[in-house]
Structure formats: structure tokens, C-alpha cells
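Here's the structure we're looking at; comments come further down.
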Amino acid sequence: LSGSIPSELGNLTSLVSLDLSNNLLTGTIPEELGELQNVKLLSLFRNQLHGGIPPSIGDLPNLQVLYLWENNMTGSVPQQLGRNRQLSMLDLSSNSFTGLIPP
């Protein structure tokens with residue numbers, strides 16, 4: 001797959017897993033993915049995504065796994081990720097994030 005991640009994916013509110021890894025996706029992560037209230041796994045690794053992590057991703061109440069490694073992402077890690085009690089797997093490696101991972 002190539003191109004940007006469609007913001008319309010945020011309308012799939014019953015979705016439990018979204019894996020778009022190992023593609024040629026570009027652009028930023030749409031804020032609308034923060035509407036996926038039932039998603040447990042969000043995997044976007046090995047793409048060409050840039051920009052930051054939308055804070056709404058950290059507020060997803062059921063998110064357990066977030067894989068964003070090997071992209072071109074920048075900025076700081078949102079505080080919301082540190083407060084997400086369901087999140088058990090987080091890989092942000094091979095990006096250019098700054099600062100600390102929130103406690």
C-alpha cells in the first residue's frame with residue numbers, strides 16, 4: 001500500500017485491530033484514528049510516516065499494543081500514552097522522537 005492513511009478509517013468504530021505495517025504509507029497519522037474506541041492493536045511500523053503521534057491515540061481506552069517503529073516520526077511522545085493503563089506493548093524505535101516517554 002502507498003499514499004496516506006485515510007482519515008475515514010476512524011469511522012470503523014467496531015475495529016479491534018488495525019495493522020498497516022510494512023507498506024509505503026506516507027504523511028501523518030490521522031487524528032481520526034483516535035475514534036477507534038475498541039481497537040486493541042494499532043500497528044503502523046515500517047512505513048514512511050512523519051509528524052507526531054496524535055494525542056487522541058493515547059486516549060484509546062482499549063489500546064494494548066502500539067507499534068510505530070521504523071518511520072520518520074518526530075516530536076514528543078504524548079502524555080496520554082503514559083496514562084493509558086491498558087497499553088502493554090509500545091515500540092517507537094527508529095524514529096526521531098524527542099524527550100522522555102511519559103511515566
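Going through the C-alpha cells in order, the chains are called A, B, and so on, while each chain numbers its residues from 1 and the ligands are numbered from 1 in the order shown.
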**Prompt:** Skipping near chain neighbours, those fewer than 6 positions away, what residues fall within 8 Å of Asn11 (chain A) using only C-alpha atoms, listed as a ChimeraX atom specification?
**Reply:** /A:32,35-36
Just list as a JSON list (two decimals) with C-alpha atoms, in the first residue's frame whatever in chain A DSSP marks as alpha helix (DSSP H).
```json
[["chain", "number", "residue", "atom", "x", "y", "z"],
["A", 55, "PRO", "CA", -2.66, 12.73, 21.49],
["A", 56, "SER", "CA", -6.01, 11.04, 20.85],
["A", 57, "ILE", "CA", -4.15, 7.75, 20.17],
["A", 58, "GLY", "CA", -3.02, 7.71, 23.79],
["A", 79, "GLN", "CA", 1.42, 12.42, 27.89],
["A", 80, "GLN", "CA", -1.75, 10.45, 27.18],
["A", 81, "LEU", "CA", 0.30, 7.36, 26.32],
["A", 82, "GLY", "CA", 1.81, 7.35, 29.80],
["A", 83, "ARG", "CA", -1.64, 7.44, 31.38]]
```
**Item:** Option closest in space to Glu8 (chain A), from A:Asn84, A:Gln64, A:Leu25, A:Gly34 [counting only C-alpha atoms]
**Value:**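 Of all the options, A:Gly34 lies closest to Glu8 (chain A).
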**Complete:** Pairwise distance, CA of Gly3 (chain A) with CA of Ser94 (chain A), equals 20.7 Å
**Request:** Provide the CA of Leu33 (chain A) to CA of Thr98 (chain A) distance in Å, to one decimal place.
**Result:**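 So the two atoms, CA of Leu33 (chain A) and CA of Thr98 (chain A), lie 22.5 Å apart.
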**Request:** Using only C-alpha atoms, pick whichever of A:Val77, A:Leu1, A:Leu87, A:Leu100 has the shortest atom-to-atom distance to Gln48 (chain A).
**Result:**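 Closest candidate: A:Leu1.
Nearest residue to Leu66 (chain A), choosing from A:Ser43, A:Gln86, A:Gln37, A:Ser17 and counting only C-alpha atoms: A:Ser43.
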**Prompt:** Which residue gives the smallest distance to Ser14 (chain A) among A:Leu68, A:Asn47, A:Asp59, A:Val39, with only C-alpha atoms counted?
**Reply:** A:Val39
**Message:** Quick check, in Å to one decimal: how far apart do CA of Leu18 (chain A) and CA of Pro102 (chain A) lie?
**Reply:**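 Taking CA of Leu18 (chain A) and CA of Pro102 (chain A), their separation equals 23.9 Å.
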**Message:** For a quick check of understanding, using only C-alpha atoms, which of A:Asn38, A:Ser21, A:Gly27, A:Pro54 has the smallest distance to Trp69 (chain A)?
**Reply:**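 The closest residue to Trp69 (chain A) is A:Ser21.
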**Request:** Mind checking which residues fall within 7 Å of Val65 (chain A), counting only C-alpha atoms, ignoring those fewer than 6 positions away in the same chain, and posting them as a ChimeraX atom specification?
**Result:** /A:40-42,87-90
Writer output for current selection, N, CA and C atoms, as a PDB file, in the first residue's frame:
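In the end it all went to part_9.pdb:
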```pdb
ATOM      1  N   LYS A  40      -7.522  -2.620  19.924  1.00  0.00           N
ATOM      2  CA  LYS A  40      -6.555  -3.130  20.891  1.00  0.00           C
ATOM      3  C   LYS A  40      -5.145  -3.101  20.327  1.00  0.00           C
ATOM      4  N   LEU A  41      -5.020  -3.271  19.007  1.00  0.00           N
ATOM      5  CA  LEU A  41      -3.725  -3.270  18.348  1.00  0.00           C
ATOM      6  C   LEU A  41      -3.711  -2.243  17.237  1.00  0.00           C
ATOM      7  N   LEU A  42      -2.719  -1.360  17.275  1.00  0.00           N
ATOM      8  CA  LEU A  42      -2.503  -0.383  16.216  1.00  0.00           C
ATOM      9  C   LEU A  42      -1.051  -0.527  15.788  1.00  0.00           C
ATOM     10  N   LEU A  87      -2.259  -0.106  27.853  1.00  0.00           N
ATOM     11  CA  LEU A  87      -1.120  -0.242  26.953  1.00  0.00           C
ATOM     12  C   LEU A  87      -0.031  -1.107  27.583  1.00  0.00           C
ATOM     13  N   SER A  88       0.274  -2.242  26.939  1.00  0.00           N
ATOM     14  CA  SER A  88       1.287  -3.149  27.480  1.00  0.00           C
ATOM     15  C   SER A  88       2.483  -3.329  26.540  1.00  0.00           C
ATOM     16  N   MET A  89       2.329  -3.010  25.256  1.00  0.00           N
ATOM     17  CA  MET A  89       3.416  -3.132  24.285  1.00  0.00           C
ATOM     18  C   MET A  89       3.520  -1.823  23.512  1.00  0.00           C
ATOM     19  N   LEU A  90       4.704  -1.214  23.561  1.00  0.00           N
ATOM     20  CA  LEU A  90       4.939   0.058  22.885  1.00  0.00           C
ATOM     21  C   LEU A  90       6.317   0.015  22.245  1.00  0.00           C
TER      22      LEU A  90
END
```
**Prompt:** How would you write, as a VMD selection string, the set of residues in chain A that DSSP gives as strand (DSSP E)?
**Reply:** chain A and resid 2 to 4 17 to 19 24 to 27 41 to 43 48 to 51 65 to 67 72 to 76 89 to 91 96 to 98
